[in-house]
Protein chains: 2
Amino acid sequence: MAIEPKKLIVNLFEMACVSHITHGLWVLEGNNRHRTAELEYWTELAQVAEGAGFDAIFLADVVGAYDVFRDGPETAIREGLQIPNFDPLTVVPAMAAVTKHVGFGATFSTSYEPPFAFARRAATLDHLTKGRFGWNIVTSYLPNAARNFGLAEEIPHDTRYAIADEYLNVLYKLWEGSWDDGAIVEDRAAKVYSDPAAIRYINHSGEHYSVAGPHLVAPSLQRTPVLFQATGSPAGIAFAGKHAEVVFTGGRTAADFRANAAAMRRAAEGQGRDGGDIKCIVQAGVVVGRTDDEVARKLALYREHSSVEGILAHAGFAIDPTAYPPETPVHEILVREGKADTPFAATIAPGTTAGQLLERVRKGRSERYFVAGTPGVVADEIERWLDEDGIDGINLRQYHSFGTARDFGELVVPELRRRGRLREGYVPEETLRERIYGPGKARLPQSHYGARYRGGAHLDADDAGGRLPAEPAPASAGLKAWV
Amino acid sequence: MAIEPKKLIVNLFEMACVSHITHGLWVLEGNNRHRTAELEYWTELAQVAEGAGFDAIFLADVVGAYDVFRDGPETAIREGLQIPNFDPLTVVPAMAAVTKHVGFGATFSTSYEPPFAFARRAATLDHLTKGRFGWNIVTSYLPNAARNFGLAEEIPHDTRYAIADEYLNVLYKLWEGSWDDGAIVEDRAAKVYSDPAAIRYINHSGEHYSVAGPHLVAPSLQRTPVLFQATGSPAGIAFAGKHAEVVFTGGRTAADFRANAAAMRRAAEGQGRDGGDIKCIVQAGVVVGRTDDEVARKLALYREHSSVEGILAHAGFAIDPTAYPPETPVHEILVREGKADTPFAATIAPGTTAGQLLERVRKGRSERYFVAGTPGVVADEIERWLDEDGIDGINLRQYHSFGTARDFGELVVPELRRRGRLREGYVPEETLRERIYGPGKARLPQSHYGARYRGGAHLDADDAGGRLPAEPAPASAGLKAWV
């Protein structure tokens with residue numbers, strides 16, 4: 001019996017801003033990135049993505065400005081680097097109004113806004129999209145974001161995850177525990193809309209949150225949206241093992257990725273879950289063309305317009321290597337600017353010059369999940385990622401909107417389908433979770449931590465205190481927050 | 001020279017729930033209120049409203065359950081009384097995707113969520129709707145809402161308004177002060193998207209909030225959304241005088257309304273504003289038919305299905321008058337239930353029986369802004385409201401969705417237009433504020449408090465501390481929060 005080849009999950013990677021991760025490219029002819037404040041940008045994008053066969057549109061987010069590089073937001077502002085940016089939850093309903101199938105994964109931080117309000121907002125989105133909604137859990141990482149929400153500085157990384165853990169507990173209690181299936185009876189003759197016996201307070205009282213409930217939203221098709229998480233840190237991996245379904249992670253090499261994914265799956269197994277329930281996806285760059293010439297032209301264009309200053313500002317560089325002659329040792333710059341003892345300084349290898357550092361930045365952090373070529377070449381490479389590295393899917397980086405998505409749909413999708421590497425099409429009325437896990441699996445599996453609150457069980461247990469499981473051994477370092 | 005007759009502002013009053021204010025009527029044949037979790041409910045509603053010529057759809061909201069009546073949420077749950085309910089901000093983009101003209105006013109509370117996040121969300125909505133967004137400012141009033149956001153009990157009424165005042169200061173700084181017009185230069189040749197010199201931090205540091213900025217959203221067509229407020233209390237009137245543009249208020253009689261509106265306008269004048277800049281709108285019930293018979297049939301149907309328990313639960317009645325023989329004195333019930341010293345008890349006239357109280361509840365708080373009749377009768381009455389009371393507009397109560405809106409569009413709108421009492425149609429690309437105040441008035445007027453931050457002025461002033469103006473004399477009492 002032939003083993004069916006592994007299929008790829010394909011999300012379009014987006015953010016409601018001009019310059020998300022392909023800095024400088026907004027200036028390209030026909031690029032629509034300057035239009036992300038317009039509703040029509042989103043309805044067009046959603047239709048392009050659905051036409052191309054993407055599983056979902058994955059929306060990144062930040063709630064602050066990049067103002068570490070050059071000690072201010074000026075570079076980010078000039079570059080359109082994630083400022084202006086727009087609320088990603090708000091663009092989802094507009095996209096849902098003009099599509100039937102494509103899913104949506106939207107980023108929202110657990111650090112600054114109350115869980116009760118987010119529970120309601122996300123549940124409303126799962127209703128409006130008919131079960132096509134996913135949530136990318138982040139804890140935020142920009143110093144400016146903390147200052148926008150009343151804090152003098154960022155909450156320490158591991159504390160953020162502990163807060164997030166309690167946040168998730170509150171959400172599960174509301175999404176899974178507060179309303180039973182069948183609570184809505186809609187009996188017109190008896191004039192009863194819902195059954196009070198099937199709806200309850202959650203009375204959560206924990207270290208960080210106190211929330212009475214009941215949840216205000218009736219159960220949606222998925223109840224809990226598909227839980228995405230972008231991580232690679234030890235605290236993040238422990239958190240993912242308990243909560244995440246789709247982890248957006250990476251690695252500089254295949255071995256790196258495999259170690260990362262294995263750590264996630266071990267963490268999940270430690271929580272009584274099936275390791276295979278964690279899907280690991282990577283950010284990928286695909287430059288495809290009908291001919292080698294077309295590919296070369298595109299590549300040259302993207303390289304020509306790529307902005308190294310945008311990359312430096314995005315990475316929050318503590319020094320400005322463009323301000324010195326290329327042969328200047330970076331260590332000298334760090335000393336001169338009083339930054340020799342910073343975490344940034346620790347990442348710089350001794351002897352590195354400003355020019356070498358810039359060159360490294362220009363080349364990008366990893367070319368493992370990048371391919372440029374004709375459709376066959378691209379499909380070959382993606383098959384390698386699937387079979388050698390064991391990735392489950394990709395978040396496709398956009399160099400050009402909507403060119404990148406259209407190219408992928410026209411050239412790569414048919415080739416991957418021919419090879420049995422991609423779904424043949426959408427299943428009508430399928431939820432996002434069913435698309436990932438199969439028919440009948442619209443809800444969290446019984447083995448997931450969040451399912452414990454179903455039917456009102458465990459609501460009284462003293463499990464609210466943000467206690468995370470023990471941390472697994474750190475896997476590959478070098479992952480940066482990408483969203 | 002003939003004086004042009006005063007024209008009516010007409011909003012469709014909505015809430016993302018089954019039973020908003022016409023309790024019990026969700027069971028009517030063809031009523032779509034059970035569908036408010038569906039995106040298609042909202043796209044259909046928006047198209048009906050735009051087809052009928054409404055100025056805006058006004059969305060109420062609560063962030064808690066009505067659980068005072070009978071000491072629990074059971075009645076509200078059975079009635080579908082604002083539970084389940086859905087996030088109103090989230091349905092706006094879906095409606096915007098299928099319309100071009102109708103405006104949106106959505107309720108959001110200043111009491112529980114951080115201003116930075118709301119500033120971004122509301123500004124995104126003003127972009128996506130192309131300047132058709134209004135915000136109904138509320139401070140919330142349900143005890144359960146407080147408990148959903150970590151508080152043991154409600155913040156005292158006047159403190160809520162002081163917090164709201166600082167909240168608005170933060171928003172104006174972000175919406176009006178953080179970005180100058182022309183900040184977006186979009187210079188592809190120079191690869192500059194925005195001009196850092198035209199964008200600034202707000203560095204707000206006040207009694208309740210500390211917010212750095214910069215605002216993440218570039219200026220939208222209106223910058224500050226049209227500011228609606230529902231109030232009648234002294235603290236609310238003082239707040240309205242400073243902040244509100246459209247006040248949703250009322251009165252049991254014409255004199256009541258006039259006193260209320262005059263108090264609002266005096267409060268505005270005390271703030272250096274033109275009293276006429278405050279538009280006062282009322283909630284109105286209109287039952288219209290082609291014949292008297294049709295009107296009578298509709299009225300009988302609505303009265304037959306109206307749920308007195310829904311009304312009692314909505315009003316948060318401290319006692320249950322349905323649980324006693326009609327002749328029982330209410331005072332006796334209050335004593336027996338230990339509620340003789342409550343604010344509720346103070347509203348009950350001596351000698352009132354349970355039966356009389358119920359009858360009063362059944363009849364509703366005021367019939368001043370209710371009319372049932374053929375189109376001519378309805379239009380006559382609305383003209384009286386405009387000319388005798390001086391109302392500026394109505395929020396039209398829905399007895400049947402989408403029947404009420406369709407009837408109004410088919411029968412009342414043509415009659416009001418014939419009499420010069422309603423705009424002839426929509427002006428292409430008009431913002432909501434221009435629809436209310438006239439061409440070229442998309443932004444807050446210079447006399448409005450929020451305008452002081454333009455160009456970055458006053459950002460350093462010590463004006464953050466939630467100091468409200470002195471309260472004007474109380475006008476009509478008896479207004480309850482309706483939203």
# chains A, B, ... in the order shown; residues from 1 in each chain; ligands from 1

call {"tool": "interface_residues", "arguments": {"of": "chain B", "to": "chain A", "cutoff": "7 Å", "atoms": "only C-alpha atoms", "output": "VMD selection string"}}
result
chain B and resid 27 37 to 39 74 77 to 80 83 to 87 90 to 91 93 to 94 97 113 to 114 116 120 to 121 124 127 to 128 147 to 150 188 191 to 196 209 to 213 216 to 218

call {"tool": "residues_around", "arguments": {"residues": "A:Arg258", "least_positions_apart": "3", "cutoff": "8 Å", "atoms": "only C-alpha atoms", "output": "PDB file with N, CA, C and O atoms, in the first residue's frame"}}
result
ATOM      1  N   ALA A 254      18.207  22.403   8.465  1.00  0.00           N
ATOM      2  CA  ALA A 254      17.214  21.343   8.654  1.00  0.00           C
ATOM      3  C   ALA A 254      17.339  20.759  10.062  1.00  0.00           C
ATOM      4  O   ALA A 254      16.335  20.504  10.735  1.00  0.00           O
ATOM      5  N   ALA A 255      18.583  20.569  10.519  1.00  0.00           N
ATOM      6  CA  ALA A 255      18.796  19.981  11.845  1.00  0.00           C
ATOM      7  C   ALA A 255      18.230  20.896  12.929  1.00  0.00           C
ATOM      8  O   ALA A 255      17.609  20.442  13.894  1.00  0.00           O
ATOM      9  N   ALA A 261      11.320  21.413  16.371  1.00  0.00           N
ATOM     10  CA  ALA A 261      10.028  20.726  16.278  1.00  0.00           C
ATOM     11  C   ALA A 261       9.967  19.583  17.290  1.00  0.00           C
ATOM     12  O   ALA A 261       8.932  19.353  17.931  1.00  0.00           O
ATOM     13  N   ALA A 262      11.088  18.874  17.437  1.00  0.00           N
ATOM     14  CA  ALA A 262      11.106  17.750  18.378  1.00  0.00           C
ATOM     15  C   ALA A 262      10.887  18.244  19.805  1.00  0.00           C
ATOM     16  O   ALA A 262      10.176  17.618  20.593  1.00  0.00           O
ATOM     17  N   ASP A 389      13.138  17.883   6.335  1.00  0.00           N
ATOM     18  CA  ASP A 389      13.064  18.640   7.585  1.00  0.00           C
ATOM     19  C   ASP A 389      11.840  18.240   8.390  1.00  0.00           C
ATOM     20  O   ASP A 389      11.837  18.332   9.611  1.00  0.00           O
ATOM     21  N   GLY A 390      10.794  17.847   7.665  1.00  0.00           N
ATOM     22  CA  GLY A 390       9.556  17.486   8.367  1.00  0.00           C
ATOM     23  C   GLY A 390       8.677  18.672   8.703  1.00  0.00           C
ATOM     24  O   GLY A 390       7.872  18.606   9.632  1.00  0.00           O
TER      25      GLY A 390
END

call {"tool": "select_by_dssp", "arguments": {"residues": "stretch 177-247 of chain A", "states": "helix (DSSP H, G or I)", "output": "PyMOL selection string"}}
result
chain A and resi 177+196-198+234-243

call {"tool": "write_last_selection", "arguments": {"atoms": "N, CA and C atoms", "output": "short mmCIF file (atom, residue, chain, number, x, y, z; two decimals), in the first residue's frame"}}
result
data_model
loop_
_atom_site.label_atom_id
_atom_site.label_comp_id
_atom_site.auth_asym_id
_atom_site.auth_seq_id
_atom_site.Cartn_x
_atom_site.Cartn_y
_atom_site.Cartn_z
N GLY A 177 -16.03 26.21 28.69
CA GLY A 177 -16.73 25.81 29.90
C GLY A 177 -18.02 26.54 30.22
N PRO A 196 -30.99 28.42 30.73
CA PRO A 196 -30.09 28.86 31.81
C PRO A 196 -29.32 27.71 32.46
N ALA A 197 -29.88 26.51 32.43
CA ALA A 197 -29.20 25.38 33.06
C ALA A 197 -27.93 24.99 32.31
N ALA A 198 -27.79 25.46 31.08
CA ALA A 198 -26.65 25.08 30.26
C ALA A 198 -25.60 26.19 30.14
N PRO A 234 12.77 28.77 25.25
CA PRO A 234 12.38 27.70 26.18
C PRO A 234 11.01 27.94 26.82
N ALA A 235 10.76 29.14 27.33
CA ALA A 235 9.45 29.39 27.95
C ALA A 235 8.35 29.27 26.90
N GLY A 236 8.67 29.72 25.69
CA GLY A 236 7.70 29.63 24.61
C GLY A 236 7.39 28.20 24.23
N ILE A 237 8.42 27.35 24.24
CA ILE A 237 8.22 25.94 23.87
C ILE A 237 7.38 25.23 24.92
N ALA A 238 7.64 25.51 26.19
CA ALA A 238 6.82 24.92 27.25
C ALA A 238 5.36 25.33 27.09
N PHE A 239 5.18 26.60 26.78
CA PHE A 239 3.84 27.13 26.58
C PHE A 239 3.16 26.46 25.38
N ALA A 240 3.94 26.33 24.30
CA ALA A 240 3.40 25.70 23.09
C ALA A 240 2.99 24.26 23.36
N GLY A 241 3.79 23.56 24.14
CA GLY A 241 3.46 22.16 24.45
C GLY A 241 2.10 22.04 25.11
N LYS A 242 1.78 23.02 25.90
CA LYS A 242 0.49 22.99 26.60
C LYS A 242 -0.64 23.53 25.74
N HIS A 243 -0.38 24.59 24.97
CA HIS A 243 -1.48 25.33 24.36
C HIS A 243 -1.55 25.28 22.83
#

call {"tool": "residues_around", "arguments": {"residues": "A:Asp55", "least_positions_apart": "6", "cutoff": "7 Å", "atoms": "only C-alpha atoms", "output": "PyMOL selection string"}}
result
chain A and resi 9-11+102-103

call {"tool": "closest_residue", "arguments": {"among": "A:Trp385, A:Phe344, A:Phe54, A:Tyr66", "to": "A:Gly409", "atoms": "only C-alpha atoms"}}
result
A:Phe54

call {"tool": "select_by_dssp", "arguments": {"residues": "stretch 100-294 of chain A", "states": "strand (DSSP E or B)", "output": "MDAnalysis selection string"}}
result
chainID A and resid 103:109 133:138 179 184:187 192:194 199 204:205 210:211 226:230 246:249 279:288

call {"tool": "closest_residue", "arguments": {"among": "A:Leu386, A:Val377, A:Leu432, A:Ile155", "to": "A:Thr291", "atoms": "only C-alpha atoms"}}
result
A:Val377

call {"tool": "decode", "arguments": {"residues": "stretch 392-407 of chain A", "atoms": "all heavy atoms", "output": "PDB file, in the first residue's frame"}}
result
ATOM      1  N   ASP A 392       5.504  21.130   8.471  1.00  0.00           N
ATOM      2  CA  ASP A 392       4.103  20.865   8.147  1.00  0.00           C
ATOM      3  C   ASP A 392       3.524  21.917   7.205  1.00  0.00           C
ATOM      4  O   ASP A 392       2.495  21.676   6.574  1.00  0.00           O
ATOM      5  CB  ASP A 392       3.262  20.822   9.425  1.00  0.00           C
ATOM      6  CG  ASP A 392       3.641  19.646  10.309  1.00  0.00           C
ATOM      7  OD1 ASP A 392       3.494  18.499   9.840  1.00  0.00           O
ATOM      8  OD2 ASP A 392       4.101  19.867  11.448  1.00  0.00           O
ATOM      9  N   GLY A 393       4.158  23.060   7.169  1.00  0.00           N
ATOM     10  CA  GLY A 393       3.603  24.096   6.312  1.00  0.00           C
ATOM     11  C   GLY A 393       4.452  25.337   6.302  1.00  0.00           C
ATOM     12  O   GLY A 393       5.507  25.399   6.958  1.00  0.00           O
ATOM     13  N   ILE A 394       3.981  26.327   5.549  1.00  0.00           N
ATOM     14  CA  ILE A 394       4.724  27.582   5.435  1.00  0.00           C
ATOM     15  C   ILE A 394       3.793  28.788   5.610  1.00  0.00           C
ATOM     16  O   ILE A 394       2.595  28.708   5.342  1.00  0.00           O
ATOM     17  CB  ILE A 394       5.434  27.708   4.064  1.00  0.00           C
ATOM     18  CG1 ILE A 394       4.422  27.685   2.900  1.00  0.00           C
ATOM     19  CG2 ILE A 394       6.475  26.604   3.885  1.00  0.00           C
ATOM     20  CD1 ILE A 394       5.031  28.004   1.535  1.00  0.00           C
ATOM     21  N   ASN A 395       4.370  29.868   6.093  1.00  0.00           N
ATOM     22  CA  ASN A 395       3.769  31.196   5.992  1.00  0.00           C
ATOM     23  C   ASN A 395       4.529  31.885   4.875  1.00  0.00           C
ATOM     24  O   ASN A 395       5.735  32.153   5.013  1.00  0.00           O
ATOM     25  CB  ASN A 395       3.946  31.981   7.300  1.00  0.00           C
ATOM     26  CG  ASN A 395       2.869  31.661   8.312  1.00  0.00           C
ATOM     27  OD1 ASN A 395       1.950  30.885   8.035  1.00  0.00           O
ATOM     28  ND2 ASN A 395       2.976  32.245   9.498  1.00  0.00           N
ATOM     29  N   LEU A 396       3.855  32.110   3.778  1.00  0.00           N
ATOM     30  CA  LEU A 396       4.543  32.628   2.593  1.00  0.00           C
ATOM     31  C   LEU A 396       4.761  34.131   2.698  1.00  0.00           C
ATOM     32  O   LEU A 396       3.818  34.925   2.775  1.00  0.00           O
ATOM     33  CB  LEU A 396       3.729  32.312   1.330  1.00  0.00           C
ATOM     34  CG  LEU A 396       4.403  32.693   0.023  1.00  0.00           C
ATOM     35  CD1 LEU A 396       5.546  31.733  -0.294  1.00  0.00           C
ATOM     36  CD2 LEU A 396       3.404  32.746  -1.128  1.00  0.00           C
ATOM     37  N   ARG A 397       6.026  34.520   2.693  1.00  0.00           N
ATOM     38  CA  ARG A 397       6.444  35.922   2.716  1.00  0.00           C
ATOM     39  C   ARG A 397       6.007  36.594   1.406  1.00  0.00           C
ATOM     40  O   ARG A 397       6.130  36.007   0.341  1.00  0.00           O
ATOM     41  CB  ARG A 397       7.971  35.904   2.803  1.00  0.00           C
ATOM     42  CG  ARG A 397       8.642  37.183   2.969  1.00  0.00           C
ATOM     43  CD  ARG A 397      10.000  37.002   3.670  1.00  0.00           C
ATOM     44  NE  ARG A 397      11.050  36.337   2.889  1.00  0.00           N
ATOM     45  CZ  ARG A 397      11.766  35.306   3.335  1.00  0.00           C
ATOM     46  NH1 ARG A 397      11.546  34.778   4.540  1.00  0.00           N
ATOM     47  NH2 ARG A 397      12.721  34.787   2.597  1.00  0.00           N
ATOM     48  N   GLN A 398       5.517  37.826   1.521  1.00  0.00           N
ATOM     49  CA  GLN A 398       5.133  38.545   0.307  1.00  0.00           C
ATOM     50  C   GLN A 398       6.200  39.572  -0.081  1.00  0.00           C
ATOM     51  O   GLN A 398       6.507  40.459   0.704  1.00  0.00           O
ATOM     52  CB  GLN A 398       3.808  39.290   0.510  1.00  0.00           C
ATOM     53  CG  GLN A 398       2.619  38.368   0.703  1.00  0.00           C
ATOM     54  CD  GLN A 398       1.340  39.152   0.855  1.00  0.00           C
ATOM     55  OE1 GLN A 398       0.794  39.688  -0.101  1.00  0.00           O
ATOM     56  NE2 GLN A 398       0.859  39.248   2.081  1.00  0.00           N
ATOM     57  N   TYR A 399       6.691  39.445  -1.318  1.00  0.00           N
ATOM     58  CA  TYR A 399       7.614  40.457  -1.849  1.00  0.00           C
ATOM     59  C   TYR A 399       6.825  41.555  -2.551  1.00  0.00           C
ATOM     60  O   TYR A 399       7.261  42.689  -2.651  1.00  0.00           O
ATOM     61  CB  TYR A 399       8.590  39.813  -2.830  1.00  0.00           C
ATOM     62  CG  TYR A 399       9.425  38.730  -2.180  1.00  0.00           C
ATOM     63  CD1 TYR A 399       9.104  37.383  -2.336  1.00  0.00           C
ATOM     64  CD2 TYR A 399      10.507  39.063  -1.374  1.00  0.00           C
ATOM     65  CE1 TYR A 399       9.850  36.398  -1.723  1.00  0.00           C
ATOM     66  CE2 TYR A 399      11.262  38.090  -0.753  1.00  0.00           C
ATOM     67  CZ  TYR A 399      10.933  36.754  -0.929  1.00  0.00           C
ATOM     68  OH  TYR A 399      11.673  35.783  -0.306  1.00  0.00           O
ATOM     69  N   HIS A 400       5.679  41.160  -3.042  1.00  0.00           N
ATOM     70  CA  HIS A 400       4.862  42.044  -3.846  1.00  0.00           C
ATOM     71  C   HIS A 400       3.420  41.629  -3.588  1.00  0.00           C
ATOM     72  O   HIS A 400       3.095  40.451  -3.631  1.00  0.00           O
ATOM     73  CB  HIS A 400       5.238  41.842  -5.326  1.00  0.00           C
ATOM     74  CG  HIS A 400       4.537  42.759  -6.275  1.00  0.00           C
ATOM     75  ND1 HIS A 400       3.210  42.605  -6.610  1.00  0.00           N
ATOM     76  CD2 HIS A 400       4.984  43.833  -6.987  1.00  0.00           C
ATOM     77  CE1 HIS A 400       2.871  43.543  -7.476  1.00  0.00           C
ATOM     78  NE2 HIS A 400       3.926  44.305  -7.727  1.00  0.00           N
ATOM     79  N   SER A 401       2.593  42.611  -3.280  1.00  0.00           N
ATOM     80  CA  SER A 401       1.167  42.317  -3.048  1.00  0.00           C
ATOM     81  C   SER A 401       0.370  42.928  -4.213  1.00  0.00           C
ATOM     82  O   SER A 401       0.463  44.112  -4.429  1.00  0.00           O
ATOM     83  CB  SER A 401       0.694  42.930  -1.734  1.00  0.00           C
ATOM     84  OG  SER A 401       1.469  42.427  -0.657  1.00  0.00           O
ATOM     85  N   PHE A 402      -0.356  42.163  -4.948  1.00  0.00           N
ATOM     86  CA  PHE A 402      -0.706  40.774  -4.728  1.00  0.00           C
ATOM     87  C   PHE A 402       0.066  39.820  -5.620  1.00  0.00           C
ATOM     88  O   PHE A 402      -0.329  38.657  -5.773  1.00  0.00           O
ATOM     89  CB  PHE A 402      -2.207  40.613  -4.982  1.00  0.00           C
ATOM     90  CG  PHE A 402      -3.032  41.675  -4.278  1.00  0.00           C
ATOM     91  CD1 PHE A 402      -3.664  42.687  -4.984  1.00  0.00           C
ATOM     92  CD2 PHE A 402      -3.128  41.694  -2.881  1.00  0.00           C
ATOM     93  CE1 PHE A 402      -4.409  43.670  -4.308  1.00  0.00           C
ATOM     94  CE2 PHE A 402      -3.877  42.676  -2.222  1.00  0.00           C
ATOM     95  CZ  PHE A 402      -4.515  43.667  -2.940  1.00  0.00           C
ATOM     96  N   GLY A 403       1.184  40.297  -6.210  1.00  0.00           N
ATOM     97  CA  GLY A 403       1.934  39.473  -7.146  1.00  0.00           C
ATOM     98  C   GLY A 403       2.411  38.147  -6.566  1.00  0.00           C
ATOM     99  O   GLY A 403       2.295  37.099  -7.204  1.00  0.00           O
ATOM    100  N   THR A 404       2.940  38.182  -5.340  1.00  0.00           N
ATOM    101  CA  THR A 404       3.479  36.957  -4.742  1.00  0.00           C
ATOM    102  C   THR A 404       2.397  35.888  -4.589  1.00  0.00           C
ATOM    103  O   THR A 404       2.608  34.714  -4.915  1.00  0.00           O
ATOM    104  CB  THR A 404       4.104  37.268  -3.364  1.00  0.00           C
ATOM    105  OG1 THR A 404       5.147  38.252  -3.536  1.00  0.00           O
ATOM    106  CG2 THR A 404       4.691  36.017  -2.745  1.00  0.00           C
ATOM    107  N   ALA A 405       1.246  36.292  -4.110  1.00  0.00           N
ATOM    108  CA  ALA A 405       0.155  35.331  -3.905  1.00  0.00           C
ATOM    109  C   ALA A 405      -0.373  34.807  -5.236  1.00  0.00           C
ATOM    110  O   ALA A 405      -0.658  33.621  -5.385  1.00  0.00           O
ATOM    111  CB  ALA A 405      -0.976  35.973  -3.100  1.00  0.00           C
ATOM    112  N   ARG A 406      -0.479  35.705  -6.204  1.00  0.00           N
ATOM    113  CA  ARG A 406      -0.976  35.286  -7.532  1.00  0.00           C
ATOM    114  C   ARG A 406      -0.001  34.312  -8.178  1.00  0.00           C
ATOM    115  O   ARG A 406      -0.399  33.285  -8.727  1.00  0.00           O
ATOM    116  CB  ARG A 406      -1.125  36.514  -8.445  1.00  0.00           C
ATOM    117  CG  ARG A 406      -2.338  37.334  -8.137  1.00  0.00           C
ATOM    118  CD  ARG A 406      -2.883  38.045  -9.393  1.00  0.00           C
ATOM    119  NE  ARG A 406      -4.099  38.756  -9.020  1.00  0.00           N
ATOM    120  CZ  ARG A 406      -4.152  40.076  -8.752  1.00  0.00           C
ATOM    121  NH1 ARG A 406      -3.073  40.821  -8.860  1.00  0.00           N
ATOM    122  NH2 ARG A 406      -5.293  40.633  -8.405  1.00  0.00           N
ATOM    123  N   ASP A 407       1.290  34.644  -8.140  1.00  0.00           N
ATOM    124  CA  ASP A 407       2.314  33.753  -8.710  1.00  0.00           C
ATOM    125  C   ASP A 407       2.239  32.375  -8.065  1.00  0.00           C
ATOM    126  O   ASP A 407       2.308  31.357  -8.743  1.00  0.00           O
ATOM    127  CB  ASP A 407       3.724  34.314  -8.462  1.00  0.00           C
ATOM    128  CG  ASP A 407       4.043  35.488  -9.368  1.00  0.00           C
ATOM    129  OD1 ASP A 407       3.262  35.750 -10.315  1.00  0.00           O
ATOM    130  OD2 ASP A 407       5.076  36.143  -9.126  1.00  0.00           O
TER     131      ASP A 407
END
